[in-house]
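Participant: Got a structure for you, questions after.
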Amino acid sequence: MYQADINRYDGKMKYRRAGRSGILLPEVSLGLWQNFGGDNIFSRSKEMLHYAFDQGITHFDLANNYGPPNGTAEETFGMVMKQSFLPYRKELFISTKAGHEMWPGPYGEWNSRKNLMDSLDASLQRMNLEYVDVFYSHRYDPVTPLEETMQTLVDIVRQGKALYVGISKYPSDAAGFAYKYLQDRDIHCLLYQGKYNLLHREPELSGILQQAKENGVGFIGFSPLAQGLLTDRYVDGQIKEDSRMAKGNFLKKEHLTEDVLNKIRKLSEIAAQRNQSLAEMALAWLLKDDFVCSVIVGASSKEQLGRNLNALKNVSFSEKELAAIQEIIS
């Protein structure tokens with residue numbers, strides 16, 4: 001029987017407030033996008049989840065289509081929930097999402113009321129939960145009226161199926177509409193989830209970060225290591241057979257351009273001067289500002305997750321370091 005580490009809140013993990021709310025999130029959250037699906041070894045997935053919670057990671061980020069196959073990451077989490085985490089449910093902050101393709105037919109994706117309601121009901125069943133802590137609209141839908149999507153989120157909270165709601169990957173104009181629609185109905189948007197890293201700064205450059213801050217919405221970043229590009233694995237320009245890039249699912253060989261390779265090599269040099277790995281510095285760079293309330297990392301082993309957590313030992317940067325980094329990534 002699993003028993004959580006009694007020292008899990010002894011200070012090794014720090015927590016940040018999610019926007020204008022009462023919620024504190026761990027600086028590093030664990031995402032189950034990959035490595036937790038039906039194609040993975042259950043005992044290894046369970047080991048990573050146990051280790052994460054023992055390190056003070058209280059936030060686990062899922063979506064209905066995480067796997068592969070679709071839905072199986074939630075099933076994995078549901079088994080761990082039933083076997084291990086049930087006594088600790090009140091200590092956990094669990095999110096899921098809907099909006100990407102999940103099942104065939106016209107109702108299996110996007111943001112209609114039918115899809116969001118059906119998706120969440122299925123997610124709760126897979127995860128052995130009565131409610132999630134936050135439910136996201138996973139992506140902006142250019143066809144479904146935003147009023148329909150946002151009213152569905154309002155009703156989901158009022159039905160008790162989610163304590164909070166959030167949006168992910170929305171353009172700024174749609175995000176602004178969402179924030180106001182929800183707030184006018186006394187449902188505050190807790191989180192905006194967006195892709196953000198040293199090689200992809202769209203939330204910063206488009207004003208999404210500032211907009212979230214002004215509306216009291218917490219920003220939580222995913223893909224902080226650019227699917228592995230911002231690690232030491234590719235600094236030598238070689239693509240190892242066991243690497244994510246070699247498998248070519250989401251990170252492809254054509255992503256490793258000469259320009260990207262030049263950037264990660266220069267960034268790696270700065271990281272070494274800080275006594276950090278490139279991955280550690282990349283995570284620390286995201287956490288240098290308080291408007292990022294958490295970063296979502298993936299992991300293929302508890303050892304890899306442990307290495308990522310080393311970033312929390314130093315999230316401060318000198319003006320000289322920031323200027324050097326800015327010159328590289330501009």
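Please note that chains go A, B, ... in the order of the structure tokens, that every chain numbers its residues from 1, and that ligands are numbered from 1 in the order shown.
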Just asking: which residues within stretch 179-223 of chain A are strand (DSSP E or B) according to DSSP, as a PyMOL selection string?

Facilitator: chain A and resi 189-195+197+200+218-222

Participant: Write out as number ranges by chain the residues lying within 7 Å of stretch 288-294 of chain A, counting only C-alpha atoms and excluding same-chain residues fewer than 4 positions away.

Facilitator: A: 16-18, 25-29, 213, 218-221, 284, 315-316

Participant: As an exercise, work out the distance from atom CA of A:Gln183 to atom CA of A:Gly216 in Å and give it to one decimal place.

Facilitator: 10.6 Å

Participant: My list of candidates is A:Leu62, A:Glu258, A:Asn128, A:Glu214. Which is closest to A:Gln83 when distances are computed with only C-alpha atoms?

Facilitator: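 That would be A:Asn128, the residue with the smallest distance to A:Gln83.
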
Participant: Pick from A:Ala73, A:Met117, A:Met81, A:Ala162: nearest to A:Asp39, with only C-alpha atoms counted?

Facilitator: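 Residue with the minimum atom-to-atom distance to A:Asp39: A:Ala73.
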
Participant: Could you pull the residues within 12 Å of A:Asp10, counting only C-alpha atoms, minus those fewer than 3 positions along the same chain, as an MDAnalysis selection string?

Facilitator: chainID A and resid 5:7 13:15 54:56

Participant: With N, CA and C atoms retained, export the selected residues as a compact mmCIF listing (two decimals), in the first residue's frame.

Facilitator:
```
# COMPACT_ATOMS: atom_id res chain seq x y z
N ASP A 5 5.22 10.33 1.20
CA ASP A 5 6.33 10.80 2.01
C ASP A 5 5.83 11.86 3.00
N ILE A 6 6.08 11.64 4.26
CA ILE A 6 5.61 12.59 5.28
C ILE A 6 6.30 13.94 5.16
N ASN A 7 7.42 13.99 4.44
CA ASN A 7 8.17 15.24 4.28
C ASN A 7 7.88 15.93 2.94
N MET A 13 9.50 21.88 -2.50
CA MET A 13 8.67 22.43 -3.56
C MET A 13 8.08 23.75 -3.08
N LYS A 14 8.13 24.74 -3.97
CA LYS A 14 7.51 26.03 -3.68
C LYS A 14 6.20 26.13 -4.46
N TYR A 15 5.30 26.95 -3.95
CA TYR A 15 3.97 27.07 -4.54
C TYR A 15 3.67 28.53 -4.87
N ASP A 54 5.45 12.67 -3.85
CA ASP A 54 6.40 12.66 -2.73
C ASP A 54 7.32 13.88 -2.76
N GLN A 55 7.52 14.46 -3.95
CA GLN A 55 8.36 15.65 -4.09
C GLN A 55 7.57 16.95 -3.92
N GLY A 56 6.30 16.84 -3.60
CA GLY A 56 5.49 18.03 -3.40
C GLY A 56 4.72 18.48 -4.62
```

Participant: Can you tell me, as a PyMOL selection string, what residues are no more than 12 Å from A:Asp118 when counting only C-alpha atoms, ignoring any on the same chain fewer than 2 positions away?

Facilitator: chain A and resi 64+97-99+102-103+107-116+120-125+152+156+161

Participant: Store the residues picked out above, limited to N, CA and C atoms, as an mmCIF file, in the first residue's frame.

Facilitator:
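Okay, part06.cif is ready:
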```cif
data_model
loop_
_atom_site.group_PDB
_atom_site.id
_atom_site.type_symbol
_atom_site.label_atom_id
_atom_site.label_comp_id
_atom_site.auth_asym_id
_atom_site.auth_seq_id
_atom_site.Cartn_x
_atom_site.Cartn_y
_atom_site.Cartn_z
ATOM 1 N N ASN A 64 -8.594 14.610 -22.179
ATOM 2 C CA ASN A 64 -9.323 13.398 -22.580
ATOM 3 C C ASN A 64 -8.587 12.595 -23.640
ATOM 4 N N LYS A 97 -9.086 18.260 -19.894
ATOM 5 C CA LYS A 97 -9.472 19.169 -20.967
ATOM 6 C C LYS A 97 -10.272 18.406 -22.018
ATOM 7 N N ALA A 98 -10.952 19.163 -22.866
ATOM 8 C CA ALA A 98 -11.626 18.596 -24.027
ATOM 9 C C ALA A 98 -11.623 19.629 -25.141
ATOM 10 N N GLY A 99 -11.614 19.150 -26.367
ATOM 11 C CA GLY A 99 -11.630 20.045 -27.517
ATOM 12 C C GLY A 99 -10.921 19.483 -28.732
ATOM 13 N N MET A 102 -11.471 13.250 -30.250
ATOM 14 C CA MET A 102 -11.496 12.175 -29.263
ATOM 15 C C MET A 102 -12.202 10.929 -29.781
ATOM 16 N N TRP A 103 -13.314 11.100 -30.483
ATOM 17 C CA TRP A 103 -14.017 9.955 -31.048
ATOM 18 C C TRP A 103 -14.567 10.356 -32.411
ATOM 19 N N TYR A 107 -19.466 15.021 -33.349
ATOM 20 C CA TYR A 107 -19.508 15.525 -31.980
ATOM 21 C C TYR A 107 -18.279 15.133 -31.172
ATOM 22 N N GLY A 108 -17.273 14.607 -31.845
ATOM 23 C CA GLY A 108 -16.122 14.051 -31.127
ATOM 24 C C GLY A 108 -14.976 15.014 -30.922
ATOM 25 N N GLU A 109 -15.132 16.286 -31.301
ATOM 26 C CA GLU A 109 -14.084 17.270 -31.083
ATOM 27 C C GLU A 109 -14.698 18.670 -31.040
ATOM 28 N N TRP A 110 -13.865 19.649 -30.856
ATOM 29 C CA TRP A 110 -14.227 21.057 -30.771
ATOM 30 C C TRP A 110 -15.015 21.350 -29.482
ATOM 31 N N ASN A 111 -15.708 22.497 -29.463
ATOM 32 C CA ASN A 111 -16.191 23.029 -28.189
ATOM 33 C C ASN A 111 -17.698 23.179 -28.087
ATOM 34 N N SER A 112 -18.427 22.307 -28.728
ATOM 35 C CA SER A 112 -19.873 22.341 -28.550
ATOM 36 C C SER A 112 -20.222 21.921 -27.126
ATOM 37 N N ARG A 113 -21.396 22.315 -26.681
ATOM 38 C CA ARG A 113 -21.859 21.901 -25.357
ATOM 39 C C ARG A 113 -21.884 20.376 -25.253
ATOM 40 N N LYS A 114 -22.348 19.726 -26.308
ATOM 41 C CA LYS A 114 -22.429 18.268 -26.295
ATOM 42 C C LYS A 114 -21.060 17.633 -26.114
ATOM 43 N N ASN A 115 -20.072 18.111 -26.882
ATOM 44 C CA ASN A 115 -18.748 17.507 -26.767
ATOM 45 C C ASN A 115 -18.135 17.731 -25.397
ATOM 46 N N LEU A 116 -18.209 18.962 -24.894
ATOM 47 C CA LEU A 116 -17.573 19.251 -23.604
ATOM 48 C C LEU A 116 -18.240 18.485 -22.471
ATOM 49 N N LEU A 120 -16.277 15.434 -20.454
ATOM 50 C CA LEU A 120 -15.978 15.509 -19.030
ATOM 51 C C LEU A 120 -16.585 14.334 -18.275
ATOM 52 N N ASP A 121 -17.810 13.951 -18.606
ATOM 53 C CA ASP A 121 -18.418 12.797 -17.944
ATOM 54 C C ASP A 121 -17.565 11.542 -18.137
ATOM 55 N N ALA A 122 -17.062 11.352 -19.362
ATOM 56 C CA ALA A 122 -16.221 10.182 -19.640
ATOM 57 C C ALA A 122 -14.887 10.279 -18.914
ATOM 58 N N SER A 123 -14.318 11.494 -18.848
ATOM 59 C CA SER A 123 -13.044 11.681 -18.146
ATOM 60 C C SER A 123 -13.179 11.357 -16.663
ATOM 61 N N LEU A 124 -14.239 11.830 -16.053
ATOM 62 C CA LEU A 124 -14.444 11.552 -14.626
ATOM 63 C C LEU A 124 -14.559 10.055 -14.379
ATOM 64 N N GLN A 125 -15.233 9.357 -15.270
ATOM 65 C CA GLN A 125 -15.373 7.913 -15.122
ATOM 66 C C GLN A 125 -14.019 7.223 -15.255
ATOM 67 N N THR A 152 -21.216 26.615 -21.224
ATOM 68 C CA THR A 152 -21.012 25.223 -20.821
ATOM 69 C C THR A 152 -20.039 25.140 -19.657
ATOM 70 N N ILE A 156 -20.826 23.658 -15.983
ATOM 71 C CA ILE A 156 -20.011 22.568 -15.436
ATOM 72 C C ILE A 156 -19.617 22.870 -13.993
ATOM 73 N N LYS A 161 -19.080 19.499 -11.299
ATOM 74 C CA LYS A 161 -18.175 18.566 -11.976
ATOM 75 C C LYS A 161 -16.749 19.104 -12.060
#
```

Participant: Considering only C-alpha atoms, return as a PyMOL selection string whatever protein or nucleic-acid residues lie within 10 Å of stretch 169-181 of chain A, sequence-local ones (same chain, fewer than 6 positions apart) excluded.

Facilitator: chain A and resi 137-142+146-147+149-151+154+187-190+192-195+203+206-209+211-212+215-217

Participant: Near stretch 276-280 of chain A, within 6 Å and counting only C-alpha atoms, which residues show up once chain neighbours fewer than 2 positions away are dropped, as a list in words?

Facilitator: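 Non-adjacent residues within range: Leu230, Thr231, Asp232, Ser268, Ala271, Ala272, Arg274, Ala282, Leu283, Asn308 and Ala311 of chain A.
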
Participant: Hey, what's within 12 Å of A:Phe93 if we count only C-alpha atoms and toss same-chain stuff fewer than 4 positions away? As a ChimeraX atom specification, please?

Facilitator: /A:23-26,29-30,53,56-62,85,88-89,129,131-135,162-164

Participant: Store the residues picked out above, limited to N, CA, C and O atoms, as a compact mmCIF listing (two decimals), in the first residue's frame.

Facilitator:
```
# COMPACT_ATOMS: atom_id res chain seq x y z
N ILE A 23 -5.97 29.55 -4.99
CA ILE A 23 -5.24 28.34 -5.35
C ILE A 23 -3.74 28.59 -5.45
O ILE A 23 -3.30 29.53 -6.10
N LEU A 24 -2.98 27.71 -4.82
CA LEU A 24 -1.52 27.69 -4.95
C LEU A 24 -1.14 26.45 -5.76
O LEU A 24 -1.60 25.34 -5.46
N LEU A 25 -0.33 26.65 -6.76
CA LEU A 25 0.14 25.54 -7.59
C LEU A 25 1.64 25.32 -7.39
O LEU A 25 2.38 26.28 -7.16
N PRO A 26 2.09 24.08 -7.49
CA PRO A 26 3.53 23.84 -7.41
C PRO A 26 4.23 24.49 -8.59
O PRO A 26 3.66 24.57 -9.69
N SER A 29 4.54 21.29 -12.33
CA SER A 29 3.42 20.36 -12.35
C SER A 29 3.77 19.21 -13.29
O SER A 29 4.61 19.36 -14.18
N LEU A 30 3.12 18.07 -13.10
CA LEU A 30 3.40 16.92 -13.96
C LEU A 30 2.29 16.74 -14.98
O LEU A 30 1.11 16.61 -14.63
N PHE A 53 4.36 13.13 -6.35
CA PHE A 53 3.63 13.58 -5.16
C PHE A 53 4.54 13.63 -3.94
O PHE A 53 4.46 14.56 -3.12
N GLY A 56 6.30 16.84 -3.60
CA GLY A 56 5.49 18.03 -3.40
C GLY A 56 4.72 18.48 -4.62
O GLY A 56 4.09 19.55 -4.60
N ILE A 57 4.76 17.70 -5.70
CA ILE A 57 3.96 18.03 -6.88
C ILE A 57 2.52 17.61 -6.60
O ILE A 57 2.23 16.42 -6.48
N THR A 58 1.66 18.59 -6.50
CA THR A 58 0.26 18.32 -6.18
C THR A 58 -0.64 18.44 -7.41
O THR A 58 -1.80 18.04 -7.36
N HIS A 59 -0.12 19.02 -8.50
CA HIS A 59 -0.94 19.27 -9.68
C HIS A 59 -0.58 18.30 -10.79
O HIS A 59 0.58 18.23 -11.23
N PHE A 60 -1.59 17.55 -11.25
CA PHE A 60 -1.43 16.61 -12.35
C PHE A 60 -2.34 17.05 -13.49
O PHE A 60 -3.55 17.21 -13.31
N ASP A 61 -1.74 17.24 -14.67
CA ASP A 61 -2.44 17.81 -15.81
C ASP A 61 -2.72 16.75 -16.85
O ASP A 61 -1.81 16.11 -17.37
N LEU A 62 -4.00 16.58 -17.18
CA LEU A 62 -4.42 15.58 -18.16
C LEU A 62 -5.33 16.21 -19.20
O LEU A 62 -5.67 17.38 -19.12
N PHE A 85 -3.90 7.09 -4.51
CA PHE A 85 -4.12 8.51 -4.21
C PHE A 85 -5.45 8.82 -3.54
O PHE A 85 -5.65 9.96 -3.11
N TYR A 88 -5.54 10.80 -0.47
CA TYR A 88 -4.92 12.11 -0.59
C TYR A 88 -5.68 13.02 -1.56
O TYR A 88 -5.15 14.06 -1.96
N ARG A 89 -6.91 12.66 -1.91
CA ARG A 89 -7.63 13.43 -2.93
C ARG A 89 -7.70 14.91 -2.61
O ARG A 89 -7.56 15.75 -3.50
N LEU A 129 -13.08 9.77 -10.50
CA LEU A 129 -13.25 11.02 -9.76
C LEU A 129 -14.70 11.47 -9.81
O LEU A 129 -15.42 11.20 -10.78
N TYR A 131 -15.21 14.81 -9.36
CA TYR A 131 -15.02 16.15 -9.92
C TYR A 131 -13.55 16.33 -10.27
O TYR A 131 -12.68 15.61 -9.74
N VAL A 132 -13.25 17.26 -11.15
CA VAL A 132 -11.87 17.70 -11.37
C VAL A 132 -11.72 19.08 -10.75
O VAL A 132 -12.70 19.80 -10.56
N ASP A 133 -10.49 19.44 -10.46
CA ASP A 133 -10.25 20.75 -9.87
C ASP A 133 -10.34 21.86 -10.90
O ASP A 133 -10.81 22.96 -10.60
N VAL A 134 -9.89 21.58 -12.11
CA VAL A 134 -10.06 22.56 -13.18
C VAL A 134 -10.31 21.83 -14.49
O VAL A 134 -9.67 20.82 -14.79
N PHE A 135 -11.27 22.34 -15.26
CA PHE A 135 -11.60 21.79 -16.57
C PHE A 135 -11.35 22.87 -17.61
O PHE A 135 -11.84 23.99 -17.48
N ALA A 162 -16.61 20.42 -11.86
CA ALA A 162 -15.29 21.06 -11.81
C ALA A 162 -15.37 22.21 -10.82
O ALA A 162 -16.40 22.89 -10.74
N LEU A 163 -14.29 22.40 -10.07
CA LEU A 163 -14.26 23.51 -9.13
C LEU A 163 -13.92 24.82 -9.83
O LEU A 163 -14.38 25.88 -9.43
N TYR A 164 -13.07 24.73 -10.86
CA TYR A 164 -12.62 25.90 -11.61
C TYR A 164 -12.61 25.55 -13.09
O TYR A 164 -12.65 24.37 -13.48
```
